[in-house]
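Pasted below: run_19.cif, mmCIF, C-alpha atoms and all ligand atoms.
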data_model
#
loop_
_atom_site.group_PDB
_atom_site.id
_atom_site.type_symbol
_atom_site.label_atom_id
_atom_site.label_comp_id
_atom_site.auth_asym_id
_atom_site.auth_seq_id
_atom_site.Cartn_x
_atom_site.Cartn_y
_atom_site.Cartn_z
ATOM 1 C CA MET A 188 -9.291 101.939 138.026
ATOM 2 C CA GLY A 189 -7.713 98.824 139.513
ATOM 3 C CA VAL A 190 -5.086 98.868 142.218
ATOM 4 C CA VAL A 191 -2.231 101.057 141.021
ATOM 5 C CA PRO A 192 1.238 99.951 142.159
ATOM 6 C CA GLU A 193 3.396 102.533 143.871
ATOM 7 C CA LEU A 194 7.119 103.165 143.746
ATOM 8 C CA PRO A 195 9.327 104.867 146.328
ATOM 9 C CA VAL A 196 10.728 108.264 145.337
ATOM 10 C CA GLY A 197 13.870 109.379 147.152
ATOM 11 C CA SER A 198 13.196 110.283 150.768
ATOM 12 C CA CYS A 199 9.519 111.127 150.082
ATOM 13 C CA SER A 200 7.317 109.408 152.689
ATOM 14 C CA ARG A 201 4.485 108.891 150.190
ATOM 15 C CA ALA A 202 5.230 106.356 147.417
ATOM 16 C CA MET A 203 4.341 107.448 143.875
ATOM 17 C CA PRO A 204 1.429 105.699 142.116
ATOM 18 C CA VAL A 205 2.843 104.581 138.750
ATOM 19 C CA ILE A 206 -0.174 105.953 136.843
ATOM 20 C CA GLY A 207 -0.787 109.676 137.129
ATOM 21 C CA MET A 208 -3.235 112.138 135.604
ATOM 22 C CA GLY A 209 -1.608 114.815 133.436
ATOM 23 C CA THR A 210 -3.065 118.295 133.825
ATOM 24 C CA SER A 211 -1.687 120.125 130.794
ATOM 25 C CA VAL A 212 -4.574 120.571 128.371
ATOM 26 C CA ASP A 213 -4.392 121.481 124.703
ATOM 27 C CA PRO A 214 -6.382 123.211 123.315
ATOM 28 C CA PRO A 215 -7.006 125.147 126.545
ATOM 29 C CA ILE A 216 -10.261 124.666 128.458
ATOM 30 C CA SER A 217 -11.851 126.715 131.264
ATOM 31 C CA ALA A 218 -10.659 126.429 134.858
ATOM 32 C CA GLU A 219 -14.111 125.065 135.781
ATOM 33 C CA ALA A 220 -13.839 122.314 133.147
ATOM 34 C CA LYS A 221 -10.357 121.420 134.425
ATOM 35 C CA LYS A 222 -11.643 121.227 137.994
ATOM 36 C CA SER A 223 -14.470 118.876 136.924
ATOM 37 C CA ALA A 224 -12.016 116.679 135.036
ATOM 38 C CA PHE A 225 -9.684 116.430 138.056
ATOM 39 C CA LEU A 226 -12.583 115.688 140.387
ATOM 40 C CA GLU A 227 -13.723 113.000 137.973
ATOM 41 C CA GLY A 228 -10.146 111.699 137.998
ATOM 42 C CA ILE A 229 -10.204 111.397 141.797
ATOM 43 C CA LYS A 230 -13.621 109.681 141.625
ATOM 44 C CA ASN A 231 -12.126 107.209 139.152
ATOM 45 C CA GLY A 232 -9.197 106.358 141.376
ATOM 46 C CA TYR A 233 -6.407 108.701 140.278
ATOM 47 C CA ARG A 234 -4.228 109.588 143.254
ATOM 48 C CA HIS A 235 -1.207 110.991 141.407
ATOM 49 C CA PHE A 236 -1.518 114.351 139.618
ATOM 50 C CA ASP A 237 1.084 116.079 137.473
ATOM 51 C CA THR A 238 0.614 119.833 137.553
ATOM 52 C CA ALA A 239 2.813 122.882 136.881
ATOM 53 C CA PHE A 240 2.565 126.646 137.291
ATOM 54 C CA ILE A 241 2.736 127.035 133.531
ATOM 55 C CA TYR A 242 -0.213 124.669 132.906
ATOM 56 C CA ALA A 243 -2.583 126.998 134.804
ATOM 57 C CA SER A 244 -3.882 123.828 136.411
ATOM 58 C CA GLU A 245 -2.684 124.294 139.990
ATOM 59 C CA GLN A 246 -5.697 126.350 141.065
ATOM 60 C CA PRO A 247 -8.397 124.102 139.564
ATOM 61 C CA LEU A 248 -6.579 121.050 140.895
ATOM 62 C CA GLY A 249 -6.476 122.630 144.372
ATOM 63 C CA GLU A 250 -10.212 123.317 144.142
ATOM 64 C CA ALA A 251 -10.896 119.756 143.000
ATOM 65 C CA ILE A 252 -8.866 118.367 145.922
ATOM 66 C CA ALA A 253 -10.731 120.608 148.400
ATOM 67 C CA GLU A 254 -14.058 119.424 146.975
ATOM 68 C CA ALA A 255 -12.959 115.773 146.980
ATOM 69 C CA LEU A 256 -12.144 116.131 150.684
ATOM 70 C CA GLN A 257 -15.506 117.776 151.345
ATOM 71 C CA LEU A 258 -17.351 115.033 149.452
ATOM 72 C CA GLY A 259 -15.390 112.346 151.291
ATOM 73 C CA LEU A 260 -13.879 110.950 148.067
ATOM 74 C CA ILE A 261 -10.579 111.024 149.913
ATOM 75 C CA LYS A 262 -10.146 111.171 153.659
ATOM 76 C CA SER A 263 -6.950 113.165 153.682
ATOM 77 C CA ARG A 264 -4.666 115.049 151.322
ATOM 78 C CA ASP A 265 -1.983 112.482 152.274
ATOM 79 C CA GLU A 266 -3.726 109.959 150.018
ATOM 80 C CA LEU A 267 -2.604 111.998 147.015
ATOM 81 C CA PHE A 268 0.761 112.319 145.305
ATOM 82 C CA ILE A 269 1.048 115.827 143.867
ATOM 83 C CA THR A 270 3.841 116.893 141.538
ATOM 84 C CA SER A 271 4.374 120.487 140.471
ATOM 85 C CA LYS A 272 7.217 122.118 138.578
ATOM 86 C CA LEU A 273 9.579 125.038 138.685
ATOM 87 C CA GLY A 274 8.758 127.321 135.744
ATOM 88 C CA PHE A 275 11.435 128.533 133.349
ATOM 89 C CA ASP A 276 11.131 132.116 134.644
ATOM 90 C CA PHE A 277 11.899 130.926 138.196
ATOM 91 C CA ALA A 278 15.019 128.898 137.406
ATOM 92 C CA GLU A 279 17.276 130.948 139.674
ATOM 93 C CA ARG A 280 18.379 130.040 143.180
ATOM 94 C CA HIS A 281 16.581 132.880 144.972
ATOM 95 C CA LEU A 282 13.316 132.287 143.092
ATOM 96 C CA VAL A 283 12.919 128.582 143.891
ATOM 97 C CA VAL A 284 11.367 128.935 147.358
ATOM 98 C CA PRO A 285 8.976 131.737 146.255
ATOM 99 C CA ALA A 286 7.945 129.554 143.299
ATOM 100 C CA ILE A 287 7.185 126.615 145.614
ATOM 101 C CA LYS A 288 5.195 128.890 147.922
ATOM 102 C CA MET A 289 3.203 130.198 144.977
ATOM 103 C CA SER A 290 2.422 126.660 143.776
ATOM 104 C CA LEU A 291 1.338 125.677 147.300
ATOM 105 C CA GLN A 292 -0.904 128.739 147.517
ATOM 106 C CA ASN A 293 -2.461 127.969 144.130
ATOM 107 C CA LEU A 294 -3.065 124.374 145.198
ATOM 108 C CA GLN A 295 -4.259 125.315 148.711
ATOM 109 C CA LEU A 296 -1.829 122.689 150.001
ATOM 110 C CA GLU A 297 0.781 122.609 152.723
ATOM 111 C CA TYR A 298 3.268 120.426 150.891
ATOM 112 C CA LEU A 299 4.095 118.925 147.509
ATOM 113 C CA ASP A 300 5.224 115.321 147.079
ATOM 114 C CA LEU A 301 7.514 116.126 144.171
ATOM 115 C CA PHE A 302 8.793 119.371 142.683
ATOM 116 C CA LEU A 303 10.484 119.031 139.300
ATOM 117 C CA ILE A 304 12.606 121.480 137.387
ATOM 118 C CA HIS A 305 10.341 122.020 134.400
ATOM 119 C CA TRP A 306 13.076 123.364 132.178
ATOM 120 C CA PRO A 307 15.876 122.782 131.405
ATOM 121 C CA LEU A 308 14.662 119.220 130.973
ATOM 122 C CA ARG A 309 18.202 117.863 131.238
ATOM 123 C CA LEU A 310 17.945 118.312 135.018
ATOM 124 C CA SER A 311 14.550 116.720 135.458
ATOM 125 C CA PRO A 312 13.481 113.058 135.738
ATOM 126 C CA GLY A 313 10.187 114.043 134.020
ATOM 127 C CA VAL A 314 10.792 113.225 130.344
ATOM 128 C CA GLU A 315 9.004 112.376 127.122
ATOM 129 C CA MET A 316 8.790 108.595 126.849
ATOM 130 C CA ASN A 317 6.820 106.449 124.451
ATOM 131 C CA PRO A 318 7.507 103.716 121.857
ATOM 132 C CA PHE A 319 9.124 106.312 119.562
ATOM 133 C CA TRP A 320 11.294 107.846 122.272
ATOM 134 C CA GLN A 321 12.158 104.980 124.561
ATOM 135 C CA GLN A 322 15.048 106.678 126.395
ATOM 136 C CA LYS A 323 16.923 103.418 126.945
ATOM 137 C CA ASP A 324 20.210 105.001 128.080
ATOM 138 C CA LEU A 325 18.439 107.365 130.454
ATOM 139 C CA ARG A 326 16.323 104.529 131.865
ATOM 140 C CA GLU A 327 19.419 102.431 132.507
ATOM 141 C CA PHE A 328 21.232 105.358 134.107
ATOM 142 C CA CYS A 329 18.270 106.201 136.363
ATOM 143 C CA LYS A 330 17.749 102.556 137.286
ATOM 144 C CA ALA A 331 21.391 102.255 138.329
ATOM 145 C CA LYS A 332 21.104 105.422 140.432
ATOM 146 C CA GLY A 333 17.704 104.538 141.922
ATOM 147 C CA ILE A 334 15.995 107.515 140.244
ATOM 148 C CA GLN A 335 12.303 107.143 139.284
ATOM 149 C CA ILE A 336 11.422 108.645 135.914
ATOM 150 C CA THR A 337 8.040 110.227 135.152
ATOM 151 C CA ALA A 338 7.140 109.524 131.521
ATOM 152 C CA TYR A 339 5.070 112.175 129.817
ATOM 153 C CA SER A 340 3.372 112.001 126.435
ATOM 154 C CA PRO A 341 3.076 108.199 126.556
ATOM 155 C CA LEU A 342 0.748 108.416 123.541
ATOM 156 C CA GLY A 343 3.105 110.840 121.813
ATOM 157 C CA GLY A 344 0.932 113.818 122.796
ATOM 158 C CA SER A 345 -1.573 112.848 120.116
ATOM 159 C CA ARG A 346 -3.870 115.793 119.187
ATOM 160 C CA THR A 347 -1.787 118.304 121.187
ATOM 161 C CA GLN A 348 0.332 121.217 119.957
ATOM 162 C CA TRP A 349 3.471 119.635 121.374
ATOM 163 C CA GLY A 350 2.949 116.104 120.078
ATOM 164 C CA ASP A 351 1.899 114.270 116.953
ATOM 165 C CA ASP A 352 0.237 111.118 115.649
ATOM 166 C CA ARG A 353 3.318 108.900 115.552
ATOM 167 C CA VAL A 354 2.220 106.631 118.400
ATOM 168 C CA MET A 355 -1.520 106.569 117.779
ATOM 169 C CA GLY A 356 -1.051 106.259 113.985
ATOM 170 C CA CYS A 357 1.705 103.628 114.141
ATOM 171 C CA ASP A 358 0.898 100.524 112.079
ATOM 172 C CA VAL A 359 3.191 98.280 114.170
ATOM 173 C CA LEU A 360 1.329 99.219 117.375
ATOM 174 C CA LYS A 361 -2.060 99.051 115.630
ATOM 175 C CA ASP A 362 -1.297 95.496 114.441
ATOM 176 C CA ILE A 363 -0.113 94.358 117.884
ATOM 177 C CA ALA A 364 -3.183 95.883 119.557
ATOM 178 C CA LYS A 365 -5.542 94.419 116.942
ATOM 179 C CA ALA A 366 -4.084 90.929 117.387
ATOM 180 C CA LYS A 367 -4.849 91.223 121.117
ATOM 181 C CA GLY A 368 -8.334 92.736 120.609
ATOM 182 C CA LYS A 369 -7.201 96.022 122.136
ATOM 183 C CA THR A 370 -6.802 99.598 120.907
ATOM 184 C CA THR A 371 -3.519 101.340 120.149
ATOM 185 C CA ALA A 372 -4.064 103.656 123.129
ATOM 186 C CA GLN A 373 -4.482 100.646 125.390
ATOM 187 C CA TYR A 374 -1.079 99.557 124.227
ATOM 188 C CA GLY A 375 0.186 102.975 125.233
ATOM 189 C CA SER A 376 -0.993 103.851 128.704
ATOM 190 C CA LYS A 377 -4.663 102.930 128.817
ATOM 191 C CA GLU A 378 -3.997 99.192 129.044
ATOM 192 C CA LEU A 379 -2.085 99.933 132.196
ATOM 193 C CA GLN A 380 -4.935 101.934 133.657
ATOM 194 C CA GLN A 381 -7.889 99.805 132.758
ATOM 195 C CA GLY A 382 -6.556 96.297 133.109
ATOM 196 C CA GLN A 383 -8.105 93.498 131.108
ATOM 197 C CA ASN A 384 -11.590 92.819 129.776
ATOM 198 C CA GLU A 385 -14.711 93.439 131.838
ATOM 199 C CA GLY A 386 -15.049 90.819 134.551
ATOM 200 C CA GLU A 387 -11.408 89.766 134.502
ATOM 201 C CA PRO A 388 -9.213 90.691 137.438
ATOM 202 C CA ARG A 389 -7.870 94.163 136.901
ATOM 203 C CA ASN A 390 -4.128 94.258 136.852
ATOM 204 C CA LEU A 391 -1.387 96.382 135.459
ATOM 205 C CA ARG A 392 0.383 93.879 133.295
ATOM 206 C CA LEU A 393 0.894 94.717 129.661
ATOM 207 C CA VAL A 394 0.217 91.553 127.704
ATOM 208 C CA ILE A 395 3.012 91.595 125.191
ATOM 209 C CA ASP A 396 5.289 88.870 123.870
ATOM 210 C CA TYR A 397 8.966 88.875 122.985
ATOM 211 C CA GLU A 398 8.431 89.190 119.238
ATOM 212 C CA GLU A 399 6.119 92.164 119.705
ATOM 213 C CA LEU A 400 8.567 93.803 122.076
ATOM 214 C CA ASN A 401 11.268 93.347 119.471
ATOM 215 C CA LYS A 402 9.143 95.129 116.869
ATOM 216 C CA ILE A 403 8.506 98.023 119.256
ATOM 217 C CA ASP A 404 12.231 98.124 120.062
ATOM 218 C CA GLN A 405 13.013 98.679 116.415
ATOM 219 C CA LEU A 406 10.723 101.665 115.878
ATOM 220 C CA PRO A 407 12.735 104.724 114.697
ATOM 221 C CA GLN A 408 13.604 106.870 117.710
ATOM 222 C CA ARG A 409 12.965 110.621 117.664
ATOM 223 C CA LYS A 410 12.123 113.095 120.377
ATOM 224 C CA ARG A 411 8.870 114.868 119.574
ATOM 225 C CA VAL A 412 7.939 117.226 122.371
ATOM 226 C CA LEU A 413 9.635 120.440 121.329
ATOM 227 C CA LEU A 414 9.486 123.771 123.104
ATOM 228 C CA ALA A 415 10.154 126.050 120.127
ATOM 229 C CA PRO A 416 6.578 125.782 118.758
ATOM 230 C CA LEU A 417 5.291 126.818 122.204
ATOM 231 C CA LEU A 418 7.900 129.395 123.303
ATOM 232 C CA GLY A 419 9.409 130.591 120.029
ATOM 233 C CA PRO A 420 12.750 129.697 118.439
ATOM 234 C CA HIS A 421 15.046 131.398 121.000
ATOM 235 C CA GLY A 422 18.643 130.372 121.810
ATOM 236 C CA LEU A 423 18.141 128.338 124.996
ATOM 237 C CA VAL A 424 14.859 126.864 123.738
ATOM 238 C CA LEU A 425 16.569 125.592 120.574
ATOM 239 C CA GLU A 426 19.468 124.273 122.643
ATOM 240 C CA ILE A 427 17.080 122.288 124.880
ATOM 241 C CA ASP A 428 15.112 121.031 121.860
ATOM 242 C CA ALA A 429 18.344 119.761 120.292
ATOM 243 C CA GLU A 430 19.175 117.659 123.350
ATOM 244 C CA ILE A 431 18.546 113.955 123.239
HETATM 245 N N1 LIG B 1 7.441 118.035 131.893
HETATM 246 C C1 LIG B 1 7.046 118.462 130.702
HETATM 247 O O1 LIG B 1 7.702 119.295 130.101
HETATM 248 C C2 LIG B 1 5.786 117.881 130.102
HETATM 249 C C3 LIG B 1 5.579 117.977 128.717
HETATM 250 C C4 LIG B 1 4.410 117.425 128.178
HETATM 251 C C5 LIG B 1 3.485 116.815 129.024
HETATM 252 N N2 LIG B 1 3.709 116.749 130.384
HETATM 253 C C6 LIG B 1 2.730 116.128 131.315
HETATM 254 O O2 LIG B 1 2.344 114.871 130.822
HETATM 255 C C7 LIG B 1 0.910 114.841 130.666
HETATM 256 C C8 LIG B 1 0.559 113.957 129.516
HETATM 257 O O3 LIG B 1 1.235 114.400 128.328
HETATM 258 P P1 LIG B 1 0.476 114.367 126.950
HETATM 259 O O4 LIG B 1 -0.809 115.110 127.050
HETATM 260 O O5 LIG B 1 1.438 114.781 125.878
HETATM 261 O O6 LIG B 1 0.180 112.753 126.893
HETATM 262 P P2 LIG B 1 -0.372 111.716 125.838
HETATM 263 O O7 LIG B 1 -1.199 110.772 126.622
HETATM 264 O O8 LIG B 1 0.772 111.179 125.025
HETATM 265 O O9 LIG B 1 -1.266 112.537 124.842
HETATM 266 C C9 LIG B 1 -2.516 113.007 125.220
HETATM 267 C C10 LIG B 1 -3.369 113.006 123.992
HETATM 268 O O10 LIG B 1 -3.694 111.651 123.689
HETATM 269 C C11 LIG B 1 -5.058 111.586 123.323
HETATM 270 N N3 LIG B 1 -5.641 110.352 123.852
HETATM 271 C C12 LIG B 1 -5.716 109.981 125.146
HETATM 272 N N4 LIG B 1 -6.348 108.794 125.247
HETATM 273 C C13 LIG B 1 -6.673 108.431 123.991
HETATM 274 C C14 LIG B 1 -7.344 107.322 123.443
HETATM 275 N N5 LIG B 1 -7.814 106.333 124.222
HETATM 276 N N6 LIG B 1 -7.517 107.264 122.111
HETATM 277 C C15 LIG B 1 -7.055 108.272 121.332
HETATM 278 N N7 LIG B 1 -6.410 109.374 121.785
HETATM 279 C C16 LIG B 1 -6.228 109.439 123.108
HETATM 280 C C17 LIG B 1 -5.745 112.759 123.975
HETATM 281 O O11 LIG B 1 -6.681 113.265 123.060
HETATM 282 P P3 LIG B 1 -8.075 113.902 123.590
HETATM 283 O O12 LIG B 1 -7.704 114.968 124.580
HETATM 284 O O13 LIG B 1 -8.693 114.432 122.363
HETATM 285 O O14 LIG B 1 -8.777 112.751 124.235
HETATM 286 C C18 LIG B 1 -4.639 113.783 124.214
HETATM 287 O O15 LIG B 1 -4.693 114.837 123.258
HETATM 288 C C19 LIG B 1 0.490 116.310 130.507
HETATM 289 O O16 LIG B 1 -0.850 116.533 130.847
HETATM 290 C C20 LIG B 1 1.445 116.950 131.492
HETATM 291 O O17 LIG B 1 0.935 116.807 132.812
HETATM 292 C C21 LIG B 1 4.864 117.236 130.917
#
Rewrite the coordinates I just gave you, this time as C-alpha cells.
Amino acid sequence: MGVVPELPVGSCSRAMPVIGMGTSVDPPISAEAKKSAFLEGIKNGYRHFDTAFIYASEQPLGEAIAEALQLGLIKSRDELFITSKLGFDFAERHLVVPAIKMSLQNLQLEYLDLFLIHWPLRLSPGVEMNPFWQQKDLREFCKAKGIQITAYSPLGGSRTQWGDDRVMGCDVLKDIAKAKGKTTAQYGSKELQQGQNEGEPRNLRLVIDYEELNKIDQLPQRKRVLLAPLLGPHGLVLEIDAEI
C-alpha cells in the first residue's frame, strides 16, 4: 500500500489513517483465519483497524498485533490506530467503562485510539457511506463541526448479510471504471488503497472528472445497512433502521 494520508481526530494524539481495515466478516470465519488476515493487513501496510466487541474480532486482532510486534512488522503499538465500539447491550452510563476495559483486555492493549457508540448509529460518526448513500447533509454538518466521519460499507457491503450488490453491480460505476481501465471496486475503495498502475507513483487520488462525478451524484440514494435482518425486527432496531 502507498503512503496513506492521515487526518486529526479530536484531541487524539495519533492521527487517523484515512484507509482502514474492517474486521467484521460475513459469513463468519475462524478466529485463526481472522488473525492471519489482520497480520497480512499489517504486512501490507494497514495501520488503522476497525473492530468491535460484537464482531468477535478484538481477540484475533490483539493476537495479530502482538505477533506483528514480535516479528518486527511494527516497532510499537503507537504506530496503529485502533477503533472499537460500544455494543448495544452496554449502552448505559455505568456499563461504558467496563465495556472499554473488556475491549482492551480482548485486544491486549492499554488504550484505544477511538471508541465509537456502535448503536444507536445516530450518535456515532461511523456511518454507511458509498455512492448510493452519500450522506451529503451529514458530511457538511461534520465538516462544519470539524468531526471526522468513518465510512463503512464503501462497496455497499457486497456479498455480506447486511449489504447488497447495488454498488458493485451498478452500471454507471461499471462504465466509469471501464472507461478508465479500472474495476468497479477500484472506483469504490480499492483505487484509494492501491493507487495507479504498476510502476506509476502510488497516490490516493481518485481519477474522476466532473461529468462522472455528476453521474454518481445522481444515483438514487437509499440506506442499505439495516439491523433488523441481523437482530430481528424489534422496536428500537426498526426505529434505527428507519433513520436517514
Ligand atoms: N459501525 C457499523 O455499524 C458497521 C456496519 C457495517 C460495517 N462496519 C465496518 O466497516 C467494515 C467494512 O464494511 P463492509 O464489509 O460492509 O464493506 P464493503 O467494502 O462495502 O463490503 C465488503 C464486501 O465487498 C467485497 N469486496 C471487497 N473487495 C472487492 C473487490 N475488489 N471486488 C469485488 N468485491 C469486493 C467483499 O467480498 P469478499 O469478502 O467475498 O471479497 C466483501 O464481502 C466492516 O468490516 C466493519 O469493520 C461497521
| request: Could you tell me, counting all atoms listed in the file, which protein and nucleic acid residues lie no more than 8 Å from ligand LIG 1 (chain B), written as a PyMOL selection string? | output: chain A and resi 208-213+236-239+242+272+305-306+308+313-315+317+338-347+349-350+355+370-373+376-377+412
| field | Exercise: A:Lys222 partners within 7 Å, only C-alpha atoms, chain neighbours under 5 positions left out, as number ranges by chain | value | A: 247-248, 250-251
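Around A:Ile252, within 10 Å and counting all atoms listed in the file, the residues found are A:Lys222, A:Phe225, A:Leu226, A:Ile229, A:Gln246, A:Pro247, A:Gln257, A:Leu258, A:Leu260, A:Ile261, A:Ser263, A:Arg264, A:Leu267, A:Leu294, A:Gln295, A:Leu296, once anything fewer than 5 positions away on its own chain is removed.
Atom CA of A:Gly249 is found 28.2 Å from atom CA of A:Leu413.
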| Atomic distance atom CA of A:Pro416 - atom CA of A:Val359, expressed in Å with one decimal | 28.1 Å
| request: Might you spell out which residues the PyMOL selection byres (((chain A and resi 197) around 9) and not hetatm) would select in the displayed file, as an MDAnalysis selection string? | output: chainID A and resid 195:196 198:200 333:335
| said: Can you tell me which residues surround A:Leu423 at a distance of at most 10 Å, considering all atoms listed in the file, apart from same-chain residues fewer than 4 positions away, and format the answer as a VMD selection string? | reply: chain A and resid 307 414 to 415 427 to 429
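Taking atom CA of A:Asp300 and atom CA of A:Arg234 as endpoints, the distance between them is 11.7 Å.
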If you apply the PyMOL selection byres (((chain A and resi 407) around 10) and not hetatm) to this file, what residues do you get, as a short mmCIF file (atom, residue, chain, number, x, y, z; two decimals) with C-alpha atoms, in the frame of the given file?
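Output saved as result_14.cif:
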data_model
loop_
_atom_site.label_atom_id
_atom_site.label_comp_id
_atom_site.auth_asym_id
_atom_site.auth_seq_id
_atom_site.Cartn_x
_atom_site.Cartn_y
_atom_site.Cartn_z
CA PRO A 318 7.51 103.72 121.86
CA PHE A 319 9.12 106.31 119.56
CA TRP A 320 11.29 107.85 122.27
CA GLN A 321 12.16 104.98 124.56
CA ILE A 403 8.51 98.02 119.26
CA ASP A 404 12.23 98.12 120.06
CA GLN A 405 13.01 98.68 116.42
CA LEU A 406 10.72 101.66 115.88
CA GLN A 408 13.60 106.87 117.71
CA ARG A 409 12.96 110.62 117.66
#
| note | For A:Gln348, the closest of A:Ala278, A:Met188, A:Leu417, A:Ile206 counting only C-alpha atoms is A:Leu417
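Distances here use all atoms listed in the file; by that measure, the residue among A:Arg326, A:Lys367, A:Arg201, A:Arg411 closest to A:Ile269 is A:Arg201.
Ranking A:Ala255, A:Leu418, A:Ala220, A:Phe328 by their shortest atom-to-atom distance to A:Ile241, with only C-alpha atoms included, puts A:Leu418 first.
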| said: Which residue is closest to A:Ser217? Choose from A:Ala202, A:Ser244, A:Gly232, A:Leu291 and count only C-alpha atoms. | reply: A:Ser244
Would you compute, for all listed atoms of stretch 361-375 of chain A, the axis-aligned bounding box grown by 8 Å on each side, and then report its centre and edge lengths in Å rounded to one decimal, as JSON?
{"center_x": -4.1, "center_y": 97.3, "center_z": 119.9, "size_x": 24.5, "size_y": 28.7, "size_z": 26.9}
Take stretch 250-257 of chain A, bring it up to all heavy atoms, and give me the output as a PDB file, in the coordinates of the input.
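Contents of result.pdb, freshly written:
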ATOM      1  N   GLU A 250      -8.764 123.268 143.861  1.00  0.00           N
ATOM      2  CA  GLU A 250     -10.212 123.317 144.142  1.00  0.00           C
ATOM      3  C   GLU A 250     -10.825 121.921 144.077  1.00  0.00           C
ATOM      4  O   GLU A 250     -11.692 121.558 144.875  1.00  0.00           O
ATOM      5  CB  GLU A 250     -10.906 124.251 143.149  1.00  0.00           C
ATOM      6  CG  GLU A 250     -10.591 125.714 143.441  1.00  0.00           C
ATOM      7  CD  GLU A 250     -11.017 126.646 142.316  1.00  0.00           C
ATOM      8  OE1 GLU A 250     -11.827 126.233 141.465  1.00  0.00           O
ATOM      9  OE2 GLU A 250     -10.515 127.795 142.299  1.00  0.00           O
ATOM     10  N   ALA A 251     -10.358 121.132 143.122  1.00  0.00           N
ATOM     11  CA  ALA A 251     -10.896 119.756 143.000  1.00  0.00           C
ATOM     12  C   ALA A 251     -10.524 118.940 144.239  1.00  0.00           C
ATOM     13  O   ALA A 251     -11.345 118.172 144.754  1.00  0.00           O
ATOM     14  CB  ALA A 251     -10.345 119.088 141.737  1.00  0.00           C
ATOM     15  N   ILE A 252      -9.293 119.119 144.726  1.00  0.00           N
ATOM     16  CA  ILE A 252      -8.866 118.367 145.922  1.00  0.00           C
ATOM     17  C   ILE A 252      -9.711 118.780 147.130  1.00  0.00           C
ATOM     18  O   ILE A 252     -10.193 117.936 147.896  1.00  0.00           O
ATOM     19  CB  ILE A 252      -7.354 118.599 146.201  1.00  0.00           C
ATOM     20  CG1 ILE A 252      -6.512 117.994 145.080  1.00  0.00           C
ATOM     21  CG2 ILE A 252      -6.953 118.015 147.557  1.00  0.00           C
ATOM     22  CD1 ILE A 252      -5.031 118.368 145.111  1.00  0.00           C
ATOM     23  N   ALA A 253      -9.924 120.118 147.272  1.00  0.00           N
ATOM     24  CA  ALA A 253     -10.731 120.608 148.400  1.00  0.00           C
ATOM     25  C   ALA A 253     -12.139 120.005 148.327  1.00  0.00           C
ATOM     26  O   ALA A 253     -12.695 119.560 149.341  1.00  0.00           O
ATOM     27  CB  ALA A 253     -10.779 122.133 148.375  1.00  0.00           C
ATOM     28  N   GLU A 254     -12.701 119.965 147.114  1.00  0.00           N
ATOM     29  CA  GLU A 254     -14.058 119.424 146.975  1.00  0.00           C
ATOM     30  C   GLU A 254     -14.078 117.913 147.234  1.00  0.00           C
ATOM     31  O   GLU A 254     -15.009 117.393 147.858  1.00  0.00           O
ATOM     32  CB  GLU A 254     -14.609 119.740 145.585  1.00  0.00           C
ATOM     33  CG  GLU A 254     -16.107 119.533 145.509  1.00  0.00           C
ATOM     34  CD  GLU A 254     -16.735 120.193 144.296  1.00  0.00           C
ATOM     35  OE1 GLU A 254     -16.278 121.270 143.879  1.00  0.00           O
ATOM     36  OE2 GLU A 254     -17.699 119.586 143.775  1.00  0.00           O
ATOM     37  N   ALA A 255     -13.022 117.231 146.761  1.00  0.00           N
ATOM     38  CA  ALA A 255     -12.959 115.773 146.980  1.00  0.00           C
ATOM     39  C   ALA A 255     -12.909 115.467 148.482  1.00  0.00           C
ATOM     40  O   ALA A 255     -13.511 114.496 148.947  1.00  0.00           O
ATOM     41  CB  ALA A 255     -11.727 115.187 146.284  1.00  0.00           C
ATOM     42  N   LEU A 256     -12.209 116.318 149.224  1.00  0.00           N
ATOM     43  CA  LEU A 256     -12.144 116.131 150.684  1.00  0.00           C
ATOM     44  C   LEU A 256     -13.515 116.364 151.301  1.00  0.00           C
ATOM     45  O   LEU A 256     -13.982 115.592 152.140  1.00  0.00           O
ATOM     46  CB  LEU A 256     -11.115 117.098 151.292  1.00  0.00           C
ATOM     47  CG  LEU A 256      -9.647 116.684 151.135  1.00  0.00           C
ATOM     48  CD1 LEU A 256      -8.709 117.847 151.402  1.00  0.00           C
ATOM     49  CD2 LEU A 256      -9.330 115.516 152.066  1.00  0.00           C
ATOM     50  N   GLN A 257     -14.166 117.449 150.832  1.00  0.00           N
ATOM     51  CA  GLN A 257     -15.506 117.776 151.345  1.00  0.00           C
ATOM     52  C   GLN A 257     -16.500 116.653 151.065  1.00  0.00           C
ATOM     53  O   GLN A 257     -17.327 116.293 151.907  1.00  0.00           O
ATOM     54  CB  GLN A 257     -16.017 119.031 150.635  1.00  0.00           C
ATOM     55  CG  GLN A 257     -16.039 120.256 151.511  1.00  0.00           C
ATOM     56  CD  GLN A 257     -16.421 121.475 150.693  1.00  0.00           C
ATOM     57  OE1 GLN A 257     -17.019 121.355 149.623  1.00  0.00           O
ATOM     58  NE2 GLN A 257     -16.075 122.641 151.207  1.00  0.00           N
TER      59      GLN A 257
END
